[in-house]
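Okay, input.txt is below, compact mmCIF, C-alpha atoms:
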```txt
# COMPACT_ATOMS: atom_id res chain seq x y z
CA MET A 1 4.22 3.66 27.64
CA ASN A 2 7.30 4.64 25.67
CA SER A 3 7.84 4.62 21.92
CA VAL A 4 9.20 1.06 21.92
CA GLN A 5 6.04 -0.21 23.59
CA VAL A 6 3.90 1.76 21.13
CA PHE A 7 5.92 0.21 18.30
CA TRP A 8 5.26 -3.30 19.61
CA THR A 9 1.57 -2.48 20.11
CA LEU A 10 1.39 -1.58 16.42
CA VAL A 11 3.28 -4.74 15.40
CA TRP A 12 1.05 -6.84 17.67
CA LYS A 13 -2.03 -5.43 15.96
CA ASP A 14 -0.78 -6.47 12.50
CA LEU A 15 0.29 -9.93 13.60
CA ARG A 16 -2.92 -10.50 15.56
CA ALA A 17 -5.02 -9.47 12.56
CA GLU A 18 -2.92 -11.73 10.34
CA MET A 19 -3.42 -14.70 12.67
CA ARG A 20 -7.18 -14.11 12.48
CA GLY A 21 -7.47 -13.35 8.78
CA GLY A 22 -4.34 -15.13 7.54
CA ARG A 23 -4.48 -13.25 4.25
CA PHE A 24 -0.91 -12.09 4.00
CA VAL A 25 0.96 -15.37 4.46
CA VAL A 26 -1.72 -17.49 2.78
CA SER A 27 -1.98 -15.27 -0.32
CA CYS A 28 1.82 -15.02 -0.46
CA LEU A 29 2.27 -18.78 -0.20
CA SER A 30 -0.51 -19.81 -2.55
CA PHE A 31 0.53 -17.33 -5.25
CA GLY A 32 4.21 -18.22 -4.81
CA VAL A 33 3.57 -21.96 -4.98
CA LEU A 34 1.60 -21.49 -8.19
CA MET A 35 4.45 -19.48 -9.67
CA VAL A 36 7.02 -22.10 -8.70
CA LEU A 37 4.84 -24.84 -10.20
CA ILE A 38 4.39 -22.93 -13.46
CA VAL A 39 8.12 -22.22 -13.67
CA GLY A 40 8.80 -25.86 -12.85
CA MET A 41 6.51 -27.03 -15.65
CA ALA A 42 7.94 -24.49 -18.09
CA LEU A 43 11.47 -25.69 -17.38
CA ASN A 44 10.35 -29.31 -17.24
CA ALA A 45 11.84 -29.55 -13.72
CA ALA A 46 15.30 -29.16 -15.20
CA PRO A 47 17.64 -31.58 -13.44
CA HIS A 48 20.53 -29.16 -13.43
CA LEU A 49 19.10 -25.67 -13.33
CA PRO A 50 22.10 -23.28 -13.51
CA ALA A 51 22.69 -21.36 -10.27
CA SER A 52 22.34 -18.07 -12.17
CA TRP A 53 18.86 -19.08 -13.37
CA ALA A 54 17.86 -20.45 -9.98
CA SER A 55 18.79 -17.24 -8.18
CA GLY A 56 16.94 -15.11 -10.75
CA LEU A 57 13.82 -17.28 -10.60
CA LEU A 58 13.87 -17.35 -6.81
CA TRP A 59 13.91 -13.55 -6.56
CA MET A 60 11.29 -13.22 -9.27
CA VAL A 61 8.98 -15.41 -7.17
CA LEU A 62 9.85 -13.55 -3.96
CA PHE A 63 9.38 -10.17 -5.63
CA PHE A 64 5.92 -10.93 -6.97
CA THR A 65 4.74 -12.60 -3.78
CA THR A 66 5.98 -9.63 -1.71
CA ALA A 67 4.27 -7.16 -4.06
CA LEU A 68 1.03 -9.12 -3.88
CA ALA A 69 1.24 -9.47 -0.12
CA MET A 70 1.85 -5.74 0.36
CA THR A 71 -1.27 -5.02 -1.68
CA ARG A 72 -3.32 -7.48 0.39
CA HIS A 73 -1.93 -6.06 3.62
CA ASP A 74 -2.84 -2.56 2.51
CA ALA A 75 -6.36 -3.60 1.47
CA LYS A 76 -6.95 -5.08 4.93
CA GLU A 77 -5.85 -1.84 6.59
CA GLN A 78 -8.11 0.23 4.34
CA GLU A 79 -11.20 -1.94 4.87
CA PHE A 80 -12.79 -0.09 7.79
CA GLY A 81 -10.48 2.91 7.67
CA GLY A 82 -8.29 1.39 10.39
CA TRP A 83 -5.14 2.75 8.74
CA MET A 84 -6.07 6.30 9.80
CA GLY A 85 -6.67 5.43 13.45
CA PRO A 86 -3.01 5.36 14.56
CA TRP A 87 -2.32 8.67 12.75
CA LEU A 88 -4.70 10.38 15.16
CA ALA A 89 -2.82 9.12 18.19
CA PRO A 90 -0.24 11.29 19.98
CA ILE A 91 2.71 9.31 18.65
CA ASP A 92 5.51 9.89 16.19
CA ARG A 93 3.81 8.85 12.96
CA SER A 94 6.97 7.29 11.56
CA LEU A 95 6.49 4.59 14.23
CA VAL A 96 3.43 3.48 12.26
CA PHE A 97 5.64 2.94 9.22
CA TYR A 98 8.36 1.04 11.09
CA ALA A 99 5.80 -1.18 12.79
CA ARG A 100 4.06 -1.97 9.49
CA TRP A 101 7.41 -2.68 7.90
CA CYS A 102 8.47 -4.95 10.74
CA ALA A 103 5.18 -6.89 10.69
CA ALA A 104 5.20 -7.12 6.88
CA TRP A 105 8.80 -8.34 6.87
CA PHE A 106 8.02 -11.00 9.46
CA MET A 107 5.07 -12.25 7.43
CA VAL A 108 7.01 -12.17 4.14
CA LEU A 109 9.81 -14.06 5.85
CA VAL A 110 7.42 -16.74 7.16
CA ALA A 111 5.94 -17.17 3.67
CA SER A 112 9.42 -17.11 2.10
CA VAL A 113 10.66 -20.00 4.23
CA GLY A 114 7.87 -22.21 2.89
CA LEU A 115 8.29 -20.91 -0.64
CA ILE A 116 12.06 -21.37 -0.73
CA ALA A 117 11.76 -24.94 0.57
CA LEU A 118 9.25 -25.73 -2.20
CA PHE A 119 11.38 -23.91 -4.73
CA PHE A 120 14.38 -26.13 -4.00
CA ILE A 121 12.27 -29.29 -3.99
CA ILE A 122 10.13 -28.63 -7.07
CA LEU A 123 12.90 -27.16 -9.24
CA ASN A 124 15.46 -29.62 -8.00
CA VAL A 125 17.94 -26.88 -7.14
CA PRO A 126 21.05 -27.98 -5.18
CA PHE A 127 21.13 -26.87 -1.54
CA PRO A 128 23.04 -23.56 -1.13
CA VAL A 129 26.71 -24.21 -0.50
CA ALA A 130 27.15 -20.99 1.46
CA PHE A 131 24.02 -21.45 3.56
CA GLY A 132 24.77 -18.59 5.99
CA THR A 133 25.21 -16.16 3.11
CA PHE A 134 22.00 -17.43 1.53
CA VAL A 135 20.02 -16.85 4.75
CA ALA A 136 21.52 -13.37 5.16
CA VAL A 137 20.70 -12.44 1.55
CA VAL A 138 17.11 -13.67 1.85
CA ALA A 139 16.66 -11.83 5.16
CA ALA A 140 18.15 -8.57 3.87
CA GLY A 141 16.40 -8.82 0.51
CA THR A 142 12.94 -9.42 1.96
CA LEU A 143 13.58 -6.67 4.53
CA ALA A 144 14.42 -4.16 1.78
CA LEU A 145 11.56 -5.27 -0.48
CA SER A 146 8.95 -5.18 2.29
CA GLY A 147 10.25 -1.75 3.42
CA ALA A 148 10.01 -0.31 -0.09
CA GLY A 149 6.58 -1.94 -0.50
CA THR A 150 5.32 -0.46 2.79
CA LEU A 151 6.53 3.00 1.80
CA LEU A 152 4.96 2.76 -1.66
CA ALA A 153 1.70 1.49 -0.17
CA THR A 154 1.59 4.67 1.93
CA LEU A 155 2.45 6.89 -1.03
CA ALA A 156 -0.23 5.26 -3.15
CA GLY A 157 -2.67 5.09 -0.24
CA GLN A 158 -4.89 7.94 -1.42
CA SER A 159 -5.01 6.75 -5.02
CA SER A 160 -7.89 4.70 -6.40
CA LEU A 161 -5.26 2.76 -8.37
CA ARG A 162 -3.22 1.85 -5.28
CA GLU A 163 -3.61 -1.92 -5.77
CA VAL A 164 -1.97 -1.64 -9.19
CA LEU A 165 0.43 1.16 -8.35
CA VAL A 166 2.32 -0.68 -5.59
CA PRO A 167 3.62 -3.57 -7.73
CA ILE A 168 4.13 -1.30 -10.76
CA LEU A 169 6.19 1.22 -8.78
CA LEU A 170 7.97 -1.38 -6.71
CA PHE A 171 9.58 -2.99 -9.74
CA PRO A 172 11.52 -0.03 -11.23
CA ILE A 173 12.52 1.14 -7.78
CA SER A 174 13.82 -2.32 -6.94
CA ILE A 175 15.80 -3.09 -10.11
CA PRO A 176 19.28 -2.39 -8.65
CA LEU A 177 18.29 -4.23 -5.46
CA PHE A 178 16.94 -7.08 -7.56
CA LEU A 179 20.20 -7.38 -9.50
CA ALA A 180 22.26 -7.29 -6.30
CA LEU A 181 20.14 -9.97 -4.63
CA ILE A 182 20.34 -12.24 -7.68
CA ARG A 183 24.11 -11.89 -7.80
CA LEU A 184 24.53 -12.51 -4.06
CA THR A 185 22.17 -15.50 -4.14
CA TRP A 186 24.06 -16.89 -7.12
CA HIS A 187 27.24 -16.59 -5.04
CA ALA A 188 25.53 -18.40 -2.14
CA LEU A 189 24.46 -21.23 -4.46
CA ASP A 190 27.84 -21.41 -6.16
CA PRO A 191 30.67 -19.77 -4.16
CA ALA A 192 32.96 -20.06 -7.20
CA VAL A 193 31.04 -17.08 -8.57
CA ILE A 194 32.53 -13.89 -7.22
CA ALA A 195 30.06 -11.34 -5.86
CA GLY A 196 31.79 -8.01 -5.45
CA ALA A 197 31.34 -5.80 -2.38
CA ALA A 198 29.38 -3.36 -4.56
CA TRP A 199 26.39 -5.75 -4.55
CA VAL A 200 26.42 -5.88 -0.75
CA GLU A 201 26.67 -2.09 -0.68
CA ILE A 202 23.62 -1.75 -2.94
CA VAL A 203 21.54 -3.88 -0.57
CA GLY A 204 22.90 -1.90 2.38
CA ALA A 205 22.09 1.40 0.64
CA TYR A 206 18.51 0.28 0.04
CA LEU A 207 18.11 -0.62 3.68
CA VAL A 208 19.50 2.76 4.76
CA VAL A 209 17.25 4.69 2.36
CA VAL A 210 14.12 2.71 3.24
CA GLY A 211 15.02 2.98 6.92
CA VAL A 212 15.80 6.70 7.06
CA LEU A 213 13.52 8.29 4.44
CA PRO A 214 10.22 7.53 6.22
CA TRP A 215 11.59 8.95 9.48
CA LEU A 216 12.13 12.24 7.64
CA LEU A 217 9.14 12.25 5.32
CA TYR A 218 6.40 9.97 6.66
CA GLU A 219 4.45 12.70 8.47
CA LEU A 220 4.49 14.82 5.32
CA ILE A 221 3.46 11.91 3.08
CA LEU A 222 0.51 11.08 5.30
CA GLU A 223 -0.88 14.60 5.40
CA VAL A 224 -0.69 15.40 1.68
CA MET B 1 -6.54 21.11 29.20
CA LYS B 2 -8.80 23.66 27.53
CA GLY B 3 -7.86 25.01 24.17
CA VAL B 4 -9.06 26.55 20.98
CA LEU B 5 -8.79 24.62 17.74
CA ALA B 6 -8.47 27.13 14.92
CA LEU B 7 -8.02 27.35 11.19
CA THR B 8 -6.44 30.53 9.86
CA GLY B 9 -6.57 31.37 6.17
CA VAL B 10 -6.81 27.74 5.14
CA TYR B 11 -6.83 26.85 1.46
CA LYS B 12 -6.95 23.30 0.19
CA GLU B 13 -6.59 22.19 -3.39
CA TYR B 14 -6.96 18.74 -4.93
CA ASN B 15 -5.56 18.34 -8.43
CA LEU B 16 -5.30 22.14 -8.71
CA ARG B 17 -9.05 22.44 -7.95
CA PRO B 18 -9.77 24.53 -4.84
CA VAL B 19 -11.91 22.69 -2.30
CA LEU B 20 -11.59 25.12 0.60
CA GLU B 21 -10.74 28.80 0.28
CA ASP B 22 -9.68 31.25 2.95
CA VAL B 23 -11.26 29.38 5.85
CA HIS B 24 -11.07 31.11 9.23
CA LEU B 25 -12.63 29.11 12.03
CA ARG B 26 -12.30 29.09 15.82
CA LEU B 27 -13.78 26.25 17.85
CA GLU B 28 -14.11 27.55 21.41
CA PRO B 29 -14.34 25.36 24.54
CA GLY B 30 -17.90 24.44 25.45
CA GLN B 31 -19.16 25.27 21.98
CA ARG B 32 -21.37 22.95 19.94
CA VAL B 33 -20.90 23.57 16.23
CA ALA B 34 -22.78 21.95 13.36
CA LEU B 35 -21.58 21.93 9.78
CA SER B 36 -24.13 21.19 7.07
CA ALA B 37 -23.38 21.48 3.40
CA PRO B 38 -24.15 19.67 0.14
CA ASN B 39 -22.23 16.56 -0.88
CA GLY B 40 -18.81 17.30 -2.32
CA SER B 41 -18.62 20.76 -0.78
CA GLY B 42 -15.52 19.97 1.31
CA LYS B 43 -16.96 18.89 4.68
CA SER B 44 -14.80 15.77 4.93
CA THR B 45 -11.73 17.71 3.82
CA LEU B 46 -12.41 20.32 6.48
CA ILE B 47 -12.76 17.75 9.26
CA GLN B 48 -9.60 15.96 8.08
CA ILE B 49 -7.65 19.22 8.19
CA LEU B 50 -9.00 19.97 11.68
CA ALA B 51 -7.94 16.46 12.75
CA GLY B 52 -4.43 16.84 11.34
CA LEU B 53 -5.01 14.08 8.79
CA SER B 54 -4.64 16.37 5.81
CA ARG B 55 -2.27 19.28 5.37
CA PRO B 56 -3.77 22.54 4.04
CA THR B 57 -2.26 23.82 0.81
CA ARG B 58 -1.96 27.19 2.59
CA GLY B 59 -2.89 28.46 6.01
CA ALA B 60 -2.50 27.08 9.51
CA VAL B 61 -4.22 24.70 11.91
CA THR B 62 -3.51 25.53 15.52
CA TRP B 63 -4.35 24.21 18.96
CA SER B 64 -4.21 27.01 21.56
CA GLY B 65 -2.12 29.10 19.20
CA ARG B 66 0.46 26.41 18.48
CA PRO B 67 0.72 24.15 15.42
CA LEU B 68 -1.30 20.96 15.72
CA ASP B 69 1.40 18.49 16.74
CA ALA B 70 1.40 14.96 18.21
CA ALA B 71 0.74 16.23 21.74
CA ALA B 72 -2.23 18.30 20.55
CA ARG B 73 -3.70 15.29 18.75
CA ARG B 74 -4.24 13.76 22.17
CA CYS B 75 -6.94 16.38 22.77
CA LEU B 76 -8.94 15.36 19.70
CA GLY B 77 -11.54 12.63 19.31
CA VAL B 78 -12.26 12.03 15.64
CA LEU B 79 -14.92 10.09 13.81
CA LEU B 80 -14.89 10.17 10.02
CA GLN B 81 -17.22 8.43 7.60
CA GLN B 82 -15.29 5.22 8.14
CA PRO B 83 -15.17 3.82 11.70
CA MET B 84 -11.34 3.57 11.70
CA LEU B 85 -11.35 0.09 13.23
CA TYR B 86 -9.70 -3.22 12.37
CA GLY B 87 -12.06 -5.88 11.07
CA ASP B 88 -9.92 -8.84 12.11
CA LEU B 89 -9.62 -7.68 15.72
CA THR B 90 -12.42 -8.06 18.24
CA GLY B 91 -14.21 -5.02 19.62
CA ARG B 92 -12.23 -5.35 22.85
CA GLU B 93 -8.90 -5.75 21.05
CA ASN B 94 -9.62 -2.62 19.01
CA LEU B 95 -10.25 -0.52 22.11
CA VAL B 96 -7.25 -1.99 23.98
CA PHE B 97 -5.09 -1.23 20.93
CA PHE B 98 -6.18 2.41 20.77
CA ALA B 99 -5.94 2.83 24.55
CA ARG B 100 -2.31 1.71 24.33
CA LEU B 101 -1.57 4.06 21.44
CA TYR B 102 -2.86 6.89 23.62
CA ARG B 103 -0.65 5.52 26.43
CA LEU B 104 -3.61 5.15 28.79
CA ALA B 105 -3.18 3.23 32.03
CA GLU B 106 -5.10 -0.03 32.53
CA ALA B 107 -6.02 -0.31 28.87
CA ARG B 108 -7.94 -3.58 29.27
CA GLN B 109 -10.11 -2.35 32.12
CA LEU B 110 -10.76 0.89 30.28
CA ALA B 111 -11.77 -0.99 27.15
CA ASP B 112 -14.15 -3.19 29.14
CA ARG B 113 -15.68 -0.14 30.78
CA TRP B 114 -16.31 1.52 27.43
CA LEU B 115 -17.67 -1.64 25.86
CA ALA B 116 -20.22 -1.86 28.69
CA GLU B 117 -20.92 1.86 28.36
CA VAL B 118 -21.87 1.59 24.67
CA GLY B 119 -23.70 -1.71 25.13
CA LEU B 120 -21.18 -3.92 23.35
CA ASP B 121 -19.98 -5.98 26.31
CA ASP B 122 -21.79 -9.06 24.96
CA SER B 123 -19.97 -8.68 21.63
CA ALA B 124 -16.59 -7.77 23.09
CA GLN B 125 -14.94 -10.96 21.79
CA VAL B 126 -16.57 -10.83 18.37
CA ARG B 127 -14.53 -9.65 15.41
CA VAL B 128 -15.51 -6.18 14.21
CA ARG B 129 -15.97 -7.62 10.71
CA GLU B 130 -19.04 -9.42 12.08
CA TYR B 131 -20.53 -6.30 13.72
CA SER B 132 -23.57 -4.57 12.23
CA LYS B 133 -23.19 -0.99 11.01
CA GLY B 134 -24.70 0.40 14.20
CA MET B 135 -22.39 -1.71 16.38
CA LYS B 136 -19.35 -0.51 14.44
CA GLN B 137 -20.53 3.07 14.88
CA ARG B 138 -20.95 2.60 18.65
CA LEU B 139 -17.49 1.09 18.90
CA ALA B 140 -16.04 3.90 16.78
CA LEU B 141 -17.64 6.46 19.10
CA ALA B 142 -16.21 4.62 22.11
CA ARG B 143 -12.80 4.82 20.39
CA CYS B 144 -13.26 8.60 20.01
CA LEU B 145 -14.18 9.10 23.66
CA LEU B 146 -11.80 6.56 25.18
CA HIS B 147 -8.91 8.95 25.89
CA GLY B 148 -11.01 11.84 27.24
CA PRO B 149 -10.59 14.31 24.36
CA ARG B 150 -11.29 18.06 24.69
CA VAL B 151 -12.58 18.38 21.13
CA LEU B 152 -14.85 15.97 19.29
CA LEU B 153 -14.80 16.12 15.49
CA LEU B 154 -17.63 13.91 14.33
CA ASP B 155 -18.77 13.21 10.78
CA GLU B 156 -22.39 11.94 10.88
CA PRO B 157 -22.02 10.35 14.34
CA PHE B 158 -25.60 9.10 14.53
CA ASP B 159 -25.46 7.30 11.20
CA GLY B 160 -26.68 3.72 11.65
CA LEU B 161 -27.52 4.08 15.35
CA ASP B 162 -30.82 2.83 16.78
CA THR B 163 -33.05 5.16 18.78
CA ALA B 164 -31.71 4.14 22.19
CA SER B 165 -28.05 4.44 21.15
CA ARG B 166 -28.73 7.75 19.51
CA ALA B 167 -30.38 9.13 22.66
CA TYR B 168 -27.47 7.85 24.74
CA PHE B 169 -24.82 9.55 22.58
CA GLU B 170 -26.83 12.78 22.30
CA GLY B 171 -26.85 12.89 26.10
CA ARG B 172 -23.13 12.14 26.20
CA PHE B 173 -22.30 14.90 23.76
CA ASP B 174 -24.45 17.43 25.65
CA ALA B 175 -22.69 16.52 28.90
CA PHE B 176 -19.35 16.72 27.10
CA ALA B 177 -20.07 20.29 25.90
CA LYS B 178 -21.42 21.35 29.31
CA ALA B 179 -18.16 20.15 30.85
CA GLY B 180 -16.26 22.51 28.54
CA GLY B 181 -15.61 20.20 25.60
CA THR B 182 -15.89 21.40 22.01
CA LEU B 183 -18.24 19.52 19.71
CA PHE B 184 -17.92 19.86 15.95
CA LEU B 185 -20.50 17.83 14.16
CA VAL B 186 -21.02 17.28 10.45
CA THR B 187 -24.63 16.49 9.70
CA HIS B 188 -27.11 16.41 6.85
CA HIS B 189 -30.09 16.67 9.21
CA PRO B 190 -31.33 20.25 9.81
CA GLU B 191 -32.95 19.28 13.15
CA GLU B 192 -29.59 18.05 14.46
CA ALA B 193 -27.89 21.24 13.31
CA ARG B 194 -30.54 23.44 14.96
CA GLN B 195 -29.76 21.90 18.36
CA MET B 196 -26.19 23.22 18.19
CA ASP B 197 -24.90 26.62 19.33
CA ARG B 198 -23.50 27.51 15.90
CA GLN B 199 -24.53 26.35 12.46
CA LEU B 200 -21.99 26.54 9.67
CA THR B 201 -22.15 25.78 6.01
CA ILE B 202 -19.69 25.71 3.10
CA ARG B 203 -20.44 27.70 -0.03
CA PHE B 204 -17.96 27.81 -2.91
CA GLY B 205 -15.24 26.54 -0.59
CA ARG B 206 -15.84 29.19 2.09
CA VAL B 207 -17.14 28.41 5.56
CA ARG B 208 -19.99 30.68 6.65
CA GLU B 209 -22.49 30.95 9.47
CA SER B 210 -25.85 29.74 8.18
```
Rendering of file as structure tokens:
Amino acid sequence: MNSVQVFWTLVWKDLRAEMRGGRFVVSCLSFGVLMVLIVGMALNAAPHLPASWASGLLWMVLFFTTALAMTRHDAKEQEFGGWMGPWLAPIDRSLVFYARWCAAWFMVLVASVGLIALFFIILNVPFPVAFGTFVAVVAAGTLALSGAGTLLATLAGQSSLREVLVPILLFPISIPLFLALIRLTWHALDPAVIAGAAWVEIVGAYLVVVGVLPWLLYELILEV
Amino acid sequence: MKGVLALTGVYKEYNLRPVLEDVHLRLEPGQRVALSAPNGSGKSTLIQILAGLSRPTRGAVTWSGRPLDAAARRCLGVLLQQPMLYGDLTGRENLVFFARLYRLAEARQLADRWLAEVGLDDSAQVRVREYSKGMKQRLALARCLLHGPRVLLLDEPFDGLDTASRAYFEGRFDAFAKAGGTLFLVTHHPEEARQMDRQLTIRFGRVRES
């Protein structure tokens, strides 16, 4: 069995557990729907929500649901100490990170599809004009957020405050990413708004950092 | 593959408080070693360092003279206070999962064989969340033994086991040591410790023969 097969074994485990327990997607969706409803009521389902507001609100909902889902995902791993099992295996430990990231991203993406559909319906937001860009931004944004969340969950894994630490740390770390995603989503909703290449580069930089850092540091983080 | 798991000059601090100090320990093949010490004395920390789950602040952990790397981890079977299982997977899925991580051939058949061995074949398709404490412990021990380790690092392995299961695993561990395996067992029961070849304790962070 090579590393790719080990990677898929780890992803399979997370997805299988999710299909049984359903905590990640369900908690993500239920919390996100509540947020969208509250925002909808607060704005009185504004008939013409500006694209700038819509993009900001959308990423606020996606950020909080991702943070919550990462915490739930982590709690499930910690329950019977399962999280330590793969670290004992004769594998490159960074594979554990990449598999968790991949599974978390998939589950966030599944929940996001439902949430985004409800967001557009409930808040009466016009369908994105640049739909391809919108899909790419959502995919890249959730990928970066779930990667940062997975890394922070590992860093906070030994702390008794880990359930609070992940969302608290995720926010300041994600501010530049957050701003870039809002700007790019705004552009997707209203292509008249210019989104400079710098915003794309910020998202790209996040993906590179979240993708490379664990490969270099994950073994060290785990053993501290 | 026979080998010696060793700690050399190991110190471990948590929040600047020393937990282990200048620990020198060699676990030889065929040796049965018991560690008994009061709560909070550093037993779990010691077993985690031996297992490569925690990095010593200073000192070295070696397997046959080389740093404990991924390949060396294959030689270890580890049971900590938690069973290290996934509650939403069935007993069989847990064992298949770990067999694949250890890159073992015929993972499903191997899992079935071990489930029968530890008397969990009837509960193979039940989620671990629904297992009793003793069942989880039996499955966790099967997980430890699944890949044929050379060293067993076990923290209270008989905790929660019924008499029959306990007798079965005691026999297994004896056979394991007779075949050249190294058994390192953390226990609070003096009678269990007395059955071992060496009895260790931790006093003020230092490991000593008791």
Which one of A:Leu10, A:Val129, A:Val108, A:Ile116 sits closest to chain B if you count all atoms listed in the file? A:Leu10
Mind giving me the straight-line distance from atom CA of Leu58 of chain A to atom CA of Ser27 of chain A in Å, one decimal? 17.3 Å
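Of the listed residues (B:Gln81, B:Thr201, B:Thr62, B:Thr90), B:Thr90 comes nearest to Ala17 of chain A; the distances count all atoms listed in the file.
Across the model, the gap from atom CA of Gly204 of chain A to atom CA of Val135 of chain A is 15.4 Å.
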Test item: chain B residues at most 6 Å from chain A, counting only C-alpha atoms, as a ChimeraX atom specification: /B:53-55,70-71,73-74,82,84-86,88-89,101-103
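Between atom CA of Asp174 of chain B and atom CA of Leu110 of chain B the interatomic distance comes to 22.0 Å.
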8 Å per side around segment 18-32 of chain B: axis-aligned box centre and edge lengths, as lines of an AutoDock Vina configuration file:
```
center_x = -15.5
center_y = 27.0
center_z = 10.3
size_x = 27.7
size_y = 24.6
size_z = 46.3
```
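Of the residues under consideration (A:Ser112, A:Asn44, A:Ser94, A:Thr133), A:Ser94 shows the shortest atom-to-atom contact distance to Leu151 of chain A when counting all atoms listed in the file.
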Would you kindly identify which residues have an atom no farther than 12 Å from (-5.7, 22.9, 28.1), using all atoms listed in the file and the file's own coordinates, and write them out as an MDAnalysis selection string? chainID B and resid 1:5 28:29 63:66 71:72 74:76 149:151 180:182
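Of the residues under consideration (B:Ala107, B:Leu35, B:Leu68, B:Val61), B:Val61 shows the shortest atom-to-atom contact distance to Gly9 of chain B when counting only C-alpha atoms.
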Incomplete segment 106-117 of chain B filled out to N, CA and C atoms as an mmCIF file, in the coordinates of the input:
```cif
data_model
loop_
_atom_site.group_PDB
_atom_site.id
_atom_site.type_symbol
_atom_site.label_atom_id
_atom_site.label_comp_id
_atom_site.auth_asym_id
_atom_site.auth_seq_id
_atom_site.Cartn_x
_atom_site.Cartn_y
_atom_site.Cartn_z
ATOM 1 N N GLU B 106 -4.078 1.018 32.404
ATOM 2 C CA GLU B 106 -5.100 -0.030 32.530
ATOM 3 C C GLU B 106 -5.981 -0.104 31.284
ATOM 4 N N ALA B 107 -5.325 -0.323 30.158
ATOM 5 C CA ALA B 107 -6.020 -0.310 28.870
ATOM 6 C C ALA B 107 -7.162 -1.335 28.808
ATOM 7 N N ARG B 108 -6.918 -2.527 29.364
ATOM 8 C CA ARG B 108 -7.940 -3.580 29.270
ATOM 9 C C ARG B 108 -9.197 -3.212 30.064
ATOM 10 N N GLN B 109 -8.969 -2.722 31.278
ATOM 11 C CA GLN B 109 -10.110 -2.350 32.120
ATOM 12 C C GLN B 109 -10.885 -1.194 31.490
ATOM 13 N N LEU B 110 -10.135 -0.267 30.932
ATOM 14 C CA LEU B 110 -10.760 0.890 30.280
ATOM 15 C C LEU B 110 -11.603 0.436 29.087
ATOM 16 N N ALA B 111 -11.044 -0.479 28.318
ATOM 17 C CA ALA B 111 -11.770 -0.990 27.150
ATOM 18 C C ALA B 111 -13.058 -1.684 27.597
ATOM 19 N N ASP B 112 -12.958 -2.485 28.647
ATOM 20 C CA ASP B 112 -14.150 -3.190 29.140
ATOM 21 C C ASP B 112 -15.212 -2.199 29.613
ATOM 22 N N ARG B 113 -14.738 -1.143 30.277
ATOM 23 C CA ARG B 113 -15.680 -0.140 30.780
ATOM 24 C C ARG B 113 -16.418 0.529 29.618
ATOM 25 N N TRP B 114 -15.679 0.848 28.565
ATOM 26 C CA TRP B 114 -16.310 1.520 27.430
ATOM 27 C C TRP B 114 -17.207 0.580 26.637
ATOM 28 N N LEU B 115 -16.819 -0.675 26.563
ATOM 29 C CA LEU B 115 -17.670 -1.640 25.860
ATOM 30 C C LEU B 115 -19.016 -1.761 26.578
ATOM 31 N N ALA B 116 -18.978 -1.792 27.912
ATOM 32 C CA ALA B 116 -20.220 -1.860 28.690
ATOM 33 C C ALA B 116 -21.020 -0.566 28.506
ATOM 34 N N GLU B 117 -20.290 0.536 28.491
ATOM 35 C CA GLU B 117 -20.920 1.860 28.360
ATOM 36 C C GLU B 117 -21.731 1.971 27.061
#
```
